[in-house]
file coords19.cif (mmCIF, C-alpha atoms)
data_entry
#
loop_
_atom_site.group_PDB
_atom_site.id
_atom_site.type_symbol
_atom_site.label_atom_id
_atom_site.label_comp_id
_atom_site.auth_asym_id
_atom_site.auth_seq_id
_atom_site.Cartn_x
_atom_site.Cartn_y
_atom_site.Cartn_z
ATOM 1 C CA MET A 1 20.530 28.400 5.352
ATOM 2 C CA GLU A 2 18.316 31.111 3.989
ATOM 3 C CA SER A 3 14.671 30.960 5.024
ATOM 4 C CA GLU A 4 12.029 30.818 2.297
ATOM 5 C CA ASN A 5 8.454 31.845 3.189
ATOM 6 C CA GLN A 6 6.962 32.049 -0.312
ATOM 7 C CA THR A 7 5.786 28.431 -0.457
ATOM 8 C CA GLY A 8 4.380 28.916 -3.947
ATOM 9 C CA THR A 9 7.903 29.436 -5.333
ATOM 10 C CA ILE A 10 9.516 26.548 -3.461
ATOM 11 C CA GLU A 11 10.765 23.537 -5.400
ATOM 12 C CA PHE A 12 12.060 20.342 -3.838
ATOM 13 C CA LEU A 13 14.739 18.159 -5.393
ATOM 14 C CA LEU A 14 14.033 14.419 -5.527
ATOM 15 C CA LEU A 15 17.502 12.845 -5.592
ATOM 16 C CA GLY A 16 16.165 9.414 -6.567
ATOM 17 C CA LEU A 17 18.255 6.249 -6.554
ATOM 18 C CA SER A 18 21.326 7.434 -8.435
ATOM 19 C CA GLU A 19 22.792 10.583 -9.936
ATOM 20 C CA ASP A 20 24.803 8.617 -12.508
ATOM 21 C CA PRO A 21 23.556 9.715 -15.973
ATOM 22 C CA GLU A 22 24.372 6.306 -17.477
ATOM 23 C CA LEU A 23 22.012 4.569 -15.047
ATOM 24 C CA GLN A 24 19.014 6.796 -15.808
ATOM 25 C CA PRO A 25 17.832 4.872 -18.931
ATOM 26 C CA VAL A 26 18.149 1.605 -16.976
ATOM 27 C CA LEU A 27 16.139 3.011 -14.060
ATOM 28 C CA PHE A 28 13.542 4.413 -16.457
ATOM 29 C CA GLY A 29 13.049 1.050 -18.158
ATOM 30 C CA LEU A 30 13.009 -0.850 -14.865
ATOM 31 C CA PHE A 31 10.471 1.388 -13.146
ATOM 32 C CA LEU A 32 8.283 1.685 -16.242
ATOM 33 C CA SER A 33 8.151 -2.116 -16.477
ATOM 34 C CA MET A 34 7.350 -2.492 -12.775
ATOM 35 C CA TYR A 35 4.676 0.195 -13.002
ATOM 36 C CA LEU A 36 2.974 -1.397 -16.013
ATOM 37 C CA VAL A 37 3.073 -4.866 -14.429
ATOM 38 C CA THR A 38 1.553 -3.481 -11.229
ATOM 39 C CA VAL A 39 -1.242 -1.552 -12.928
ATOM 40 C CA LEU A 40 -2.143 -4.316 -15.394
ATOM 41 C CA GLY A 41 -1.960 -7.049 -12.754
ATOM 42 C CA ASN A 42 -4.217 -5.229 -10.313
ATOM 43 C CA LEU A 43 -6.630 -4.147 -13.069
ATOM 44 C CA LEU A 44 -6.835 -7.796 -14.124
ATOM 45 C CA ILE A 45 -7.846 -8.795 -10.591
ATOM 46 C CA ILE A 46 -10.590 -6.138 -10.563
ATOM 47 C CA LEU A 47 -11.784 -7.295 -14.015
ATOM 48 C CA VAL A 48 -11.818 -10.981 -13.052
ATOM 49 C CA VAL A 49 -13.688 -10.399 -9.794
ATOM 50 C CA SER A 50 -16.195 -8.076 -11.486
ATOM 51 C CA SER A 51 -16.917 -10.526 -14.321
ATOM 52 C CA GLU A 52 -17.359 -13.674 -12.206
ATOM 53 C CA PRO A 53 -20.586 -13.718 -10.116
ATOM 54 C CA HIS A 54 -19.329 -16.469 -7.790
ATOM 55 C CA LEU A 55 -16.484 -14.147 -6.709
ATOM 56 C CA HIS A 56 -18.905 -11.468 -5.513
ATOM 57 C CA THR A 57 -18.116 -12.222 -1.870
ATOM 58 C CA PRO A 58 -16.720 -10.054 0.962
ATOM 59 C CA MET A 59 -13.182 -11.387 0.560
ATOM 60 C CA TYR A 60 -13.001 -10.500 -3.130
ATOM 61 C CA LEU A 61 -14.723 -7.168 -2.550
ATOM 62 C CA PHE A 62 -11.882 -6.294 -0.163
ATOM 63 C CA LEU A 63 -9.382 -7.674 -2.683
ATOM 64 C CA CYS A 64 -10.718 -5.369 -5.430
ATOM 65 C CA ASN A 65 -10.371 -2.373 -3.145
ATOM 66 C CA LEU A 66 -6.858 -3.501 -2.190
ATOM 67 C CA SER A 67 -5.961 -3.646 -5.890
ATOM 68 C CA PHE A 68 -7.417 -0.152 -6.367
ATOM 69 C CA ALA A 69 -5.320 1.110 -3.424
ATOM 70 C CA ASP A 70 -2.192 -0.512 -4.910
ATOM 71 C CA ILE A 71 -2.770 1.095 -8.325
ATOM 72 C CA SER A 72 -3.403 4.490 -6.754
ATOM 73 C CA PHE A 73 -0.425 4.168 -4.393
ATOM 74 C CA ILE A 74 2.130 3.411 -7.084
ATOM 75 C CA SER A 75 0.552 5.948 -9.487
ATOM 76 C CA THR A 76 1.176 8.664 -6.904
ATOM 77 C CA THR A 77 4.948 8.206 -6.969
ATOM 78 C CA VAL A 78 6.363 6.341 -9.970
ATOM 79 C CA PRO A 79 4.963 8.465 -12.877
ATOM 80 C CA LYS A 80 6.577 11.605 -11.420
ATOM 81 C CA MET A 81 9.888 9.774 -11.138
ATOM 82 C CA LEU A 82 9.634 8.593 -14.761
ATOM 83 C CA MET A 83 8.771 12.124 -15.889
ATOM 84 C CA ASN A 84 11.783 13.557 -14.060
ATOM 85 C CA ILE A 85 14.123 10.983 -15.613
ATOM 86 C CA GLN A 86 12.699 11.696 -19.076
ATOM 87 C CA ARG A 87 13.084 15.464 -18.620
ATOM 88 C CA GLN A 88 16.433 15.101 -16.861
ATOM 89 C CA SER A 89 15.034 17.101 -13.973
ATOM 90 C CA LYS A 90 14.770 16.331 -10.251
ATOM 91 C CA THR A 91 12.369 19.098 -9.221
ATOM 92 C CA ILE A 92 8.873 18.893 -7.794
ATOM 93 C CA SER A 93 6.807 21.909 -6.787
ATOM 94 C CA TYR A 94 5.725 22.628 -3.231
ATOM 95 C CA ALA A 95 2.082 21.914 -4.126
ATOM 96 C CA GLY A 96 3.071 18.752 -5.987
ATOM 97 C CA CYS A 97 5.179 17.524 -3.087
ATOM 98 C CA LEU A 98 2.448 18.186 -0.532
ATOM 99 C CA THR A 99 -0.118 16.455 -2.763
ATOM 100 C CA GLN A 100 2.193 13.467 -3.073
ATOM 101 C CA VAL A 101 2.666 13.285 0.702
ATOM 102 C CA CYS A 102 -1.095 13.391 1.228
ATOM 103 C CA LEU A 103 -1.962 10.749 -1.385
ATOM 104 C CA VAL A 104 0.794 8.364 -0.258
ATOM 105 C CA LEU A 105 -0.576 8.518 3.287
ATOM 106 C CA VAL A 106 -4.152 7.985 2.068
ATOM 107 C CA PHE A 107 -3.489 4.884 -0.011
ATOM 108 C CA ALA A 108 -0.867 3.337 2.295
ATOM 109 C CA GLY A 109 -3.270 3.784 5.207
ATOM 110 C CA MET A 110 -6.153 2.381 3.187
ATOM 111 C CA GLU A 111 -4.133 -0.740 2.358
ATOM 112 C CA ASN A 112 -3.205 -1.061 6.019
ATOM 113 C CA PHE A 113 -6.845 -1.103 7.158
ATOM 114 C CA LEU A 114 -8.048 -3.259 4.251
ATOM 115 C CA LEU A 115 -5.582 -5.974 5.238
ATOM 116 C CA ALA A 116 -7.086 -5.893 8.740
ATOM 117 C CA ALA A 117 -10.624 -6.101 7.287
ATOM 118 C CA MET A 118 -9.573 -9.124 5.217
ATOM 119 C CA ALA A 119 -8.130 -10.762 8.334
ATOM 120 C CA TYR A 120 -11.462 -10.223 10.108
ATOM 121 C CA ASP A 121 -13.237 -11.785 7.124
ATOM 122 C CA HIS A 122 -11.041 -14.900 7.421
ATOM 123 C CA TYR A 123 -11.659 -14.939 11.178
ATOM 124 C CA VAL A 124 -15.440 -14.967 10.740
ATOM 125 C CA ALA A 125 -15.234 -17.605 7.975
ATOM 126 C CA ASN A 126 -13.190 -19.938 10.188
ATOM 127 C CA ARG A 127 -14.747 -19.285 13.602
ATOM 128 C CA HIS A 128 -18.393 -18.712 12.614
ATOM 129 C CA PRO A 129 -18.937 -20.440 9.245
ATOM 130 C CA LEU A 130 -22.686 -20.947 9.765
ATOM 131 C CA ARG A 131 -23.239 -17.266 10.565
ATOM 132 C CA TYR A 132 -20.751 -15.954 8.001
ATOM 133 C CA SER A 133 -23.298 -14.516 5.556
ATOM 134 C CA VAL A 134 -25.200 -12.877 8.415
ATOM 135 C CA ILE A 135 -22.124 -11.276 10.003
ATOM 136 C CA MET A 136 -20.299 -10.316 6.798
ATOM 137 C CA ASN A 137 -23.329 -8.717 5.191
ATOM 138 C CA PRO A 138 -22.959 -6.140 2.386
ATOM 139 C CA HIS A 139 -23.634 -3.222 4.740
ATOM 140 C CA LEU A 140 -20.772 -4.223 7.059
ATOM 141 C CA CYS A 141 -18.388 -4.759 4.131
ATOM 142 C CA VAL A 142 -19.140 -1.331 2.653
ATOM 143 C CA LEU A 143 -18.853 0.215 6.127
ATOM 144 C CA LEU A 144 -15.396 -1.350 6.666
ATOM 145 C CA ILE A 145 -14.192 -0.063 3.279
ATOM 146 C CA LEU A 146 -15.538 3.448 3.905
ATOM 147 C CA LEU A 147 -14.049 3.410 7.405
ATOM 148 C CA SER A 148 -10.648 2.428 5.976
ATOM 149 C CA LEU A 149 -10.805 5.245 3.453
ATOM 150 C CA SER A 150 -12.113 7.909 5.861
ATOM 151 C CA ILE A 151 -9.534 7.194 8.590
ATOM 152 C CA SER A 152 -6.754 7.265 5.994
ATOM 153 C CA ILE A 153 -7.982 10.573 4.554
ATOM 154 C CA GLU A 154 -8.249 12.143 8.012
ATOM 155 C CA ASP A 155 -4.730 10.961 8.882
ATOM 156 C CA ALA A 156 -3.335 12.333 5.601
ATOM 157 C CA LEU A 157 -5.115 15.683 5.945
ATOM 158 C CA LEU A 158 -3.929 16.066 9.532
ATOM 159 C CA HIS A 159 -0.260 15.617 8.574
ATOM 160 C CA SER A 160 -0.622 17.724 5.425
ATOM 161 C CA LEU A 161 -2.161 20.621 7.342
ATOM 162 C CA MET A 162 0.632 20.403 9.902
ATOM 163 C CA VAL A 163 3.201 20.626 7.079
ATOM 164 C CA LEU A 164 1.477 23.776 5.766
ATOM 165 C CA ARG A 165 2.427 25.673 8.923
ATOM 166 C CA LEU A 166 6.150 25.029 8.348
ATOM 167 C CA SER A 167 8.644 27.332 6.653
ATOM 168 C CA PHE A 168 11.313 25.849 4.420
ATOM 169 C CA CYS A 169 14.884 26.708 3.532
ATOM 170 C CA THR A 170 16.639 26.898 0.212
ATOM 171 C CA ASP A 171 18.479 23.566 0.525
ATOM 172 C CA LEU A 172 15.532 21.280 -0.242
ATOM 173 C CA GLU A 173 16.988 17.926 -1.281
ATOM 174 C CA ILE A 174 14.906 14.815 -0.553
ATOM 175 C CA PRO A 175 16.986 11.600 -0.658
ATOM 176 C CA HIS A 176 14.144 9.571 -2.178
ATOM 177 C CA PHE A 177 12.289 9.278 -5.470
ATOM 178 C CA PHE A 178 9.114 10.728 -3.932
ATOM 179 C CA CYS A 179 8.121 13.163 -1.179
ATOM 180 C CA GLU A 180 8.090 11.196 2.062
ATOM 181 C CA LEU A 181 6.507 12.913 5.071
ATOM 182 C CA ASP A 182 9.374 12.562 7.537
ATOM 183 C CA GLN A 183 11.913 13.690 4.922
ATOM 184 C CA VAL A 184 9.856 16.797 4.118
ATOM 185 C CA ILE A 185 9.539 17.665 7.828
ATOM 186 C CA LYS A 186 13.320 17.395 8.284
ATOM 187 C CA LEU A 187 13.870 20.093 5.641
ATOM 188 C CA SER A 188 11.881 22.718 7.538
ATOM 189 C CA CYS A 189 13.479 25.759 9.164
ATOM 190 C CA SER A 190 10.612 25.920 11.687
ATOM 191 C CA ASP A 191 10.283 24.160 15.019
ATOM 192 C CA ILE A 192 9.277 20.613 14.046
ATOM 193 C CA LEU A 193 8.802 19.170 17.541
ATOM 194 C CA ILE A 194 4.992 19.123 17.291
ATOM 195 C CA ASN A 195 5.141 17.633 13.789
ATOM 196 C CA ASN A 196 7.486 14.868 14.924
ATOM 197 C CA ILE A 197 5.399 14.045 17.991
ATOM 198 C CA LEU A 198 2.250 13.946 15.870
ATOM 199 C CA PHE A 199 3.960 11.890 13.156
ATOM 200 C CA TYR A 200 5.183 9.154 15.511
ATOM 201 C CA LEU A 201 2.079 9.168 17.721
ATOM 202 C CA VAL A 202 -0.529 9.000 14.958
ATOM 203 C CA SER A 203 1.545 6.626 12.809
ATOM 204 C CA SER A 204 1.930 4.273 15.780
ATOM 205 C CA ILE A 205 -1.817 4.239 16.401
ATOM 206 C CA VAL A 206 -2.781 3.916 12.723
ATOM 207 C CA CYS A 207 -0.328 1.035 12.245
ATOM 208 C CA ALA A 208 -0.767 -0.672 15.628
ATOM 209 C CA VAL A 209 -4.573 -1.020 15.542
ATOM 210 C CA PRO A 210 -4.710 -2.974 12.226
ATOM 211 C CA ILE A 211 -1.646 -5.061 13.142
ATOM 212 C CA LEU A 212 -3.131 -6.041 16.507
ATOM 213 C CA GLY A 213 -6.408 -6.864 14.773
ATOM 214 C CA ILE A 214 -4.607 -9.089 12.263
ATOM 215 C CA ILE A 215 -2.588 -10.846 14.982
ATOM 216 C CA TYR A 216 -5.701 -11.445 17.121
ATOM 217 C CA SER A 217 -7.652 -12.778 14.120
ATOM 218 C CA TYR A 218 -4.946 -15.244 13.164
ATOM 219 C CA ILE A 219 -4.403 -16.441 16.730
ATOM 220 C CA LYS A 220 -8.087 -17.349 16.830
ATOM 221 C CA ILE A 221 -7.963 -18.837 13.315
ATOM 222 C CA VAL A 222 -4.938 -21.028 14.118
ATOM 223 C CA SER A 223 -6.455 -22.247 17.383
ATOM 224 C CA SER A 224 -9.659 -23.105 15.514
ATOM 225 C CA ILE A 225 -7.779 -24.941 12.752
ATOM 226 C CA LEU A 226 -5.683 -26.959 15.209
ATOM 227 C CA ARG A 227 -8.865 -28.265 16.833
ATOM 228 C CA MET A 228 -10.040 -29.762 13.529
ATOM 229 C CA SER A 229 -9.897 -33.548 13.457
ATOM 230 C CA SER A 230 -9.547 -33.812 9.669
ATOM 231 C CA ALA A 231 -6.109 -33.254 8.139
ATOM 232 C CA GLY A 232 -7.773 -32.304 4.850
ATOM 233 C CA GLY A 233 -9.893 -29.699 6.615
ATOM 234 C CA ARG A 234 -6.827 -28.195 8.286
ATOM 235 C CA HIS A 235 -4.977 -28.042 4.975
ATOM 236 C CA LYS A 236 -7.946 -26.378 3.236
ATOM 237 C CA ALA A 237 -8.313 -23.829 6.051
ATOM 238 C CA PHE A 238 -4.607 -22.953 5.980
ATOM 239 C CA SER A 239 -4.552 -22.691 2.184
ATOM 240 C CA THR A 240 -7.548 -20.319 2.285
ATOM 241 C CA CYS A 241 -5.566 -17.908 4.478
ATOM 242 C CA GLY A 242 -2.263 -18.446 2.660
ATOM 243 C CA SER A 243 -2.579 -15.644 0.112
ATOM 244 C CA HIS A 244 -3.607 -13.072 2.691
ATOM 245 C CA LEU A 245 -0.826 -14.113 5.068
ATOM 246 C CA SER A 246 1.710 -13.785 2.238
ATOM 247 C CA VAL A 247 0.527 -10.252 1.401
ATOM 248 C CA VAL A 248 0.497 -9.240 5.087
ATOM 249 C CA SER A 249 4.022 -10.611 5.570
ATOM 250 C CA LEU A 250 5.224 -8.780 2.450
ATOM 251 C CA PHE A 251 3.599 -5.461 3.409
ATOM 252 C CA TYR A 252 4.622 -5.317 7.059
ATOM 253 C CA GLY A 253 7.883 -7.238 6.649
ATOM 254 C CA MET A 254 9.194 -4.787 4.074
ATOM 255 C CA GLY A 255 7.891 -1.864 6.129
ATOM 256 C CA CYS A 256 9.893 -3.060 9.138
ATOM 257 C CA GLY A 257 12.902 -3.631 6.890
ATOM 258 C CA VAL A 258 12.751 -0.049 5.610
ATOM 259 C CA TYR A 259 12.444 1.312 9.153
ATOM 260 C CA ILE A 260 15.422 -0.725 10.393
ATOM 261 C CA SER A 261 17.497 0.176 7.317
ATOM 262 C CA SER A 262 16.854 3.906 7.742
ATOM 263 C CA ALA A 263 17.662 3.660 11.449
ATOM 264 C CA VAL A 264 21.038 1.925 11.049
ATOM 265 C CA THR A 265 22.389 3.677 7.949
ATOM 266 C CA ASP A 266 22.871 7.281 6.890
ATOM 267 C CA SER A 267 23.438 6.429 3.229
ATOM 268 C CA PHE A 268 20.748 8.098 1.123
ATOM 269 C CA THR A 269 21.243 5.459 -1.608
ATOM 270 C CA ASN A 270 20.416 2.605 0.783
ATOM 271 C CA SER A 271 17.506 4.558 2.231
ATOM 272 C CA ALA A 272 16.107 5.316 -1.231
ATOM 273 C CA ALA A 273 16.523 1.688 -2.307
ATOM 274 C CA SER A 274 14.672 0.553 0.824
ATOM 275 C CA SER A 275 11.790 2.928 0.095
ATOM 276 C CA VAL A 276 11.560 1.492 -3.439
ATOM 277 C CA VAL A 277 11.322 -2.030 -2.039
ATOM 278 C CA TYR A 278 8.483 -0.948 0.250
ATOM 279 C CA THR A 279 6.484 1.265 -2.111
ATOM 280 C CA VAL A 280 6.885 -0.528 -5.461
ATOM 281 C CA VAL A 281 7.468 -4.238 -4.816
ATOM 282 C CA PRO A 282 4.389 -5.156 -2.679
ATOM 283 C CA PRO A 283 1.824 -3.605 -5.084
ATOM 284 C CA MET A 284 3.544 -5.403 -7.964
ATOM 285 C CA LEU A 285 3.636 -8.822 -6.262
ATOM 286 C CA ASN A 286 0.148 -8.788 -4.705
ATOM 287 C CA PRO A 287 -1.666 -9.783 -7.950
ATOM 288 C CA PHE A 288 0.747 -12.684 -8.474
ATOM 289 C CA ILE A 289 0.280 -13.894 -4.893
ATOM 290 C CA TYR A 290 -3.513 -13.869 -5.141
ATOM 291 C CA SER A 291 -3.662 -15.332 -8.651
ATOM 292 C CA LEU A 292 -1.063 -18.071 -8.165
ATOM 293 C CA ARG A 293 -2.027 -19.183 -4.634
ATOM 294 C CA ASN A 294 -5.808 -18.893 -4.993
ATOM 295 C CA ARG A 295 -7.626 -21.658 -6.836
ATOM 296 C CA ASP A 296 -10.817 -19.636 -7.338
ATOM 297 C CA MET A 297 -8.870 -16.777 -8.896
ATOM 298 C CA LYS A 298 -6.982 -19.126 -11.212
ATOM 299 C CA GLU A 299 -10.215 -20.754 -12.403
ATOM 300 C CA ALA A 300 -11.912 -17.372 -12.872
ATOM 301 C CA LEU A 301 -8.909 -16.065 -14.815
ATOM 302 C CA ARG A 302 -8.948 -19.172 -17.015
ATOM 303 C CA ASN A 303 -12.679 -18.733 -17.681
ATOM 304 C CA LEU A 304 -12.189 -15.067 -18.555
ATOM 305 C CA ILE A 305 -9.415 -15.895 -21.045
ATOM 306 C CA ILE A 306 -11.538 -18.630 -22.664
ATOM 307 C CA LYS A 307 -14.513 -16.256 -22.988
ATOM 308 C CA ARG A 308 -12.349 -13.572 -24.624
ATOM 309 C CA LEU A 309 -10.821 -16.087 -27.049
ATOM 310 C CA PHE A 310 -13.932 -17.957 -28.174
ATOM 311 C CA TRP A 311 -16.730 -15.388 -27.882
#
call {"tool": "encode", "arguments": {"input": "coords19.cif", "output": "structure tokens"}}
result
Amino acid sequence: MESENQTGTIEFLLLGLSEDPELQPVLFGLFLSMYLVTVLGNLLIILVVSSEPHLHTPMYLFLCNLSFADISFISTTVPKMLMNIQRQSKTISYAGCLTQVCLVLVFAGMENFLLAAMAYDHYVANRHPLRYSVIMNPHLCVLLILLSLSISIEDALLHSLMVLRLSFCTDLEIPHFFCELDQVIKLSCSDILINNILFYLVSSIVCAVPILGIIYSYIKIVSSILRMSSAGGRHKAFSTCGSHLSVVSLFYGMGCGVYISSAVTDSFTNSAASSVVYTVVPPMLNPFIYSLRNRDMKEALRNLIIKRLFW
């Protein structure tokens, strides 16, 4: 393959889910619908939490930021795919691809750490209910959010800067609907050993720390709940954590599924479909999980609708 050093002239090809022209209108309609549902659902959560004073608590502050991360995450990838389908083009510029890689890492990492912060919030609420307001004070909540964002940005910038040192070849086909870091690295003509080591090392740390924090929090929460003498108290405690557990299971479960799928199959169609499941489905389902399983959210949503109808 011919080496290409003029990165400004490089264009990558996003192969997407299918090259069948007859399927493109179906894919366009499907992804547009999923995108609109995701954006509107998460915006609704932010609106409801902002308009209801009794929801101005640490848990819902984290939930608003999670919704913001979901909107930003899906807006980084899906609009470009819709634009390419509409224009009947598969290209993305080098700068556009690198920007997409960076933003995907930022918002995926942010969601990762926010889920851990929410687990810690549940841990404090269950283990130290009398000291909850003292421990989960506004300063700590803002610090956890800023820490989630700053670590994610540093991780994204580190990988993006490492990609900048690579040279690329003329055969630049990415078997996904967006620029995924490991796929971009594979296309390089340079020595990618350092990039691969950094990718797996940093990704393992960034993923392992929040996961271990979530597991530890829920071990302590479950042990605390099982010591309760009241069956009603146990049910209330479990139901409080139910929405968060569902989102955590969806986020990490689908992430593991994508990793296993990419490891056992070489089919780019299956790999692309797996990446869709991981990047599009969780942000779309999160608002439904929190609105349908959370009594406070349902009541706040009902109050907001009544206000808009009768005021």
call {"tool": "atom_distance", "arguments": {"input": "coords19.cif", "atom1": "CA of Ala108 (chain A)", "atom2": "CA of Asp121 (chain A)"}}
result
20.1 Å
call {"tool": "residues_around", "arguments": {"input": "coords19.cif", "residues": "region 97-101 of chain A", "least_positions_apart": "5", "cutoff": "8 Å", "atoms": "all atoms listed in the file", "output": "ChimeraX atom specification"}}
result
/A:12,76-77,92,156,160,178-181
call {"tool": "closest_residue", "arguments": {"input": "coords19.cif", "among": "A:Ile306, A:Val49, A:Asn42, A:Tyr123", "to": "Phe238 (chain A)", "atoms": "all atoms listed in the file"}}
result
A:Tyr123
call {"tool": "atom_distance", "arguments": {"input": "coords19.cif", "atom1": "CA of Asp296 (chain A)", "atom2": "CA of Glu52 (chain A)"}}
result
10.1 Å
call {"tool": "residues_near_point", "arguments": {"input": "coords19.cif", "point": "(6.2, 14.8, 14.7)", "cutoff": "10 Å", "atoms": "only C-alpha atoms", "output": "ChimeraX atom specification"}}
result
/A:159,162,181-182,185-186,192-203
call {"tool": "closest_atom_pairs", "arguments": {"input": "coords19.cif", "of": "region 160-231 of chain A", "to": "region 127-142 of chain A", "cutoff": "8 Å", "atoms": "all atoms listed in the file", "output": "Markdown table"}}
result
| residue | atom | partner | partner_atom | distance |
| --- | --- | --- | --- | --- |
| A:Lys220 | CA | A:Arg127 | CA | 7.7 |
| A:Ile221 | CA | A:Arg127 | CA | 6.8 |
| A:Ser224 | CA | A:Arg127 | CA | 6.6 |
call {"tool": "residues_around", "arguments": {"input": "coords19.cif", "residues": "Ile46 (chain A)", "least_positions_apart": "3", "cutoff": "8 Å", "atoms": "all atoms listed in the file", "output": "JSON, numbers by chain"}}
result
{"A": [42, 43, 49, 50, 64, 67, 68]}
call {"tool": "atom_distance", "arguments": {"input": "coords19.cif", "atom1": "CA of Ser93 (chain A)", "atom2": "CA of Glu11 (chain A)"}}
result
4.5 Å
call {"tool": "residues_around", "arguments": {"input": "coords19.cif", "residues": "Asn112 (chain A)", "least_positions_apart": "5", "cutoff": "9 Å", "atoms": "all atoms listed in the file", "output": "PyMOL selection string"}}
result
chain A and resi 107+148+206-207+210-211+251-252
call {"tool": "resolve_selection", "arguments": {"input": "coords19.cif", "expression": "the PyMOL selection byres ((chain A and resi 276) around 12)", "output": "number ranges by chain"}}
result
A: 16-17, 27, 30-31, 34-35, 74, 77-78, 81, 175-178, 180, 254-255, 257-258, 269-275, 277-284
call {"tool": "write_last_selection", "arguments": {"input": "coords19.cif", "atoms": "C-alpha atoms", "output": "mmCIF file, keeping the file's coordinate frame"}}
result
data_model
loop_
_atom_site.group_PDB
_atom_site.id
_atom_site.type_symbol
_atom_site.label_atom_id
_atom_site.label_comp_id
_atom_site.auth_asym_id
_atom_site.auth_seq_id
_atom_site.Cartn_x
_atom_site.Cartn_y
_atom_site.Cartn_z
ATOM 1 C CA GLY A 16 16.165 9.414 -6.567
ATOM 2 C CA LEU A 17 18.255 6.249 -6.554
ATOM 3 C CA LEU A 27 16.139 3.011 -14.060
ATOM 4 C CA LEU A 30 13.009 -0.850 -14.865
ATOM 5 C CA PHE A 31 10.471 1.388 -13.146
ATOM 6 C CA MET A 34 7.350 -2.492 -12.775
ATOM 7 C CA TYR A 35 4.676 0.195 -13.002
ATOM 8 C CA ILE A 74 2.130 3.411 -7.084
ATOM 9 C CA THR A 77 4.948 8.206 -6.969
ATOM 10 C CA VAL A 78 6.363 6.341 -9.970
ATOM 11 C CA MET A 81 9.888 9.774 -11.138
ATOM 12 C CA PRO A 175 16.986 11.600 -0.658
ATOM 13 C CA HIS A 176 14.144 9.571 -2.178
ATOM 14 C CA PHE A 177 12.289 9.278 -5.470
ATOM 15 C CA PHE A 178 9.114 10.728 -3.932
ATOM 16 C CA GLU A 180 8.090 11.196 2.062
ATOM 17 C CA MET A 254 9.194 -4.787 4.074
ATOM 18 C CA GLY A 255 7.891 -1.864 6.129
ATOM 19 C CA GLY A 257 12.902 -3.631 6.890
ATOM 20 C CA VAL A 258 12.751 -0.049 5.610
ATOM 21 C CA THR A 269 21.243 5.459 -1.608
ATOM 22 C CA ASN A 270 20.416 2.605 0.783
ATOM 23 C CA SER A 271 17.506 4.558 2.231
ATOM 24 C CA ALA A 272 16.107 5.316 -1.231
ATOM 25 C CA ALA A 273 16.523 1.688 -2.307
ATOM 26 C CA SER A 274 14.672 0.553 0.824
ATOM 27 C CA SER A 275 11.790 2.928 0.095
ATOM 28 C CA VAL A 277 11.322 -2.030 -2.039
ATOM 29 C CA TYR A 278 8.483 -0.948 0.250
ATOM 30 C CA THR A 279 6.484 1.265 -2.111
ATOM 31 C CA VAL A 280 6.885 -0.528 -5.461
ATOM 32 C CA VAL A 281 7.468 -4.238 -4.816
ATOM 33 C CA PRO A 282 4.389 -5.156 -2.679
ATOM 34 C CA PRO A 283 1.824 -3.605 -5.084
ATOM 35 C CA MET A 284 3.544 -5.403 -7.964
#
call {"tool": "resolve_selection", "arguments": {"input": "coords19.cif", "expression": "the PyMOL selection byres ((chain A and resi 63) around 10)", "output": "ChimeraX atom specification"}}
result
/A:42,45-46,49,57-62,64-69,114-115,118,244,286-287,290
call {"tool": "resolve_selection", "arguments": {"input": "coords19.cif", "expression": "the PyMOL selection byres ((chain A and resi 301) around 10)", "output": "JSON list (two decimals) with C-alpha atoms, in the coordinates of the input"}}
result
[["chain", "number", "residue", "atom", "x", "y", "z"],
["A", 44, "LEU", "CA", -6.84, -7.80, -14.12],
["A", 45, "ILE", "CA", -7.85, -8.80, -10.59],
["A", 47, "LEU", "CA", -11.78, -7.30, -14.02],
["A", 48, "VAL", "CA", -11.82, -10.98, -13.05],
["A", 49, "VAL", "CA", -13.69, -10.40, -9.79],
["A", 51, "SER", "CA", -16.92, -10.53, -14.32],
["A", 52, "GLU", "CA", -17.36, -13.67, -12.21],
["A", 291, "SER", "CA", -3.66, -15.33, -8.65],
["A", 295, "ARG", "CA", -7.63, -21.66, -6.84],
["A", 296, "ASP", "CA", -10.82, -19.64, -7.34],
["A", 297, "MET", "CA", -8.87, -16.78, -8.90],
["A", 298, "LYS", "CA", -6.98, -19.13, -11.21],
["A", 299, "GLU", "CA", -10.22, -20.75, -12.40],
["A", 300, "ALA", "CA", -11.91, -17.37, -12.87],
["A", 302, "ARG", "CA", -8.95, -19.17, -17.02],
["A", 303, "ASN", "CA", -12.68, -18.73, -17.68],
["A", 304, "LEU", "CA", -12.19, -15.07, -18.56],
["A", 305, "ILE", "CA", -9.41, -15.90, -21.04],
["A", 306, "ILE", "CA", -11.54, -18.63, -22.66],
["A", 307, "LYS", "CA", -14.51, -16.26, -22.99]]
call {"tool": "residues_around", "arguments": {"input": "coords19.cif", "residues": "Ile151 (chain A)", "least_positions_apart": "5", "cutoff": "9 Å", "atoms": "only C-alpha atoms", "output": "ChimeraX atom specification"}}
result
/A:106,109-110,113,146,156,206
call {"tool": "closest_residue", "arguments": {"input": "coords19.cif", "among": "A:Asp171, A:Leu82, A:Gln183, A:Leu103", "to": "Gly29 (chain A)", "atoms": "all atoms listed in the file"}}
result
A:Leu82
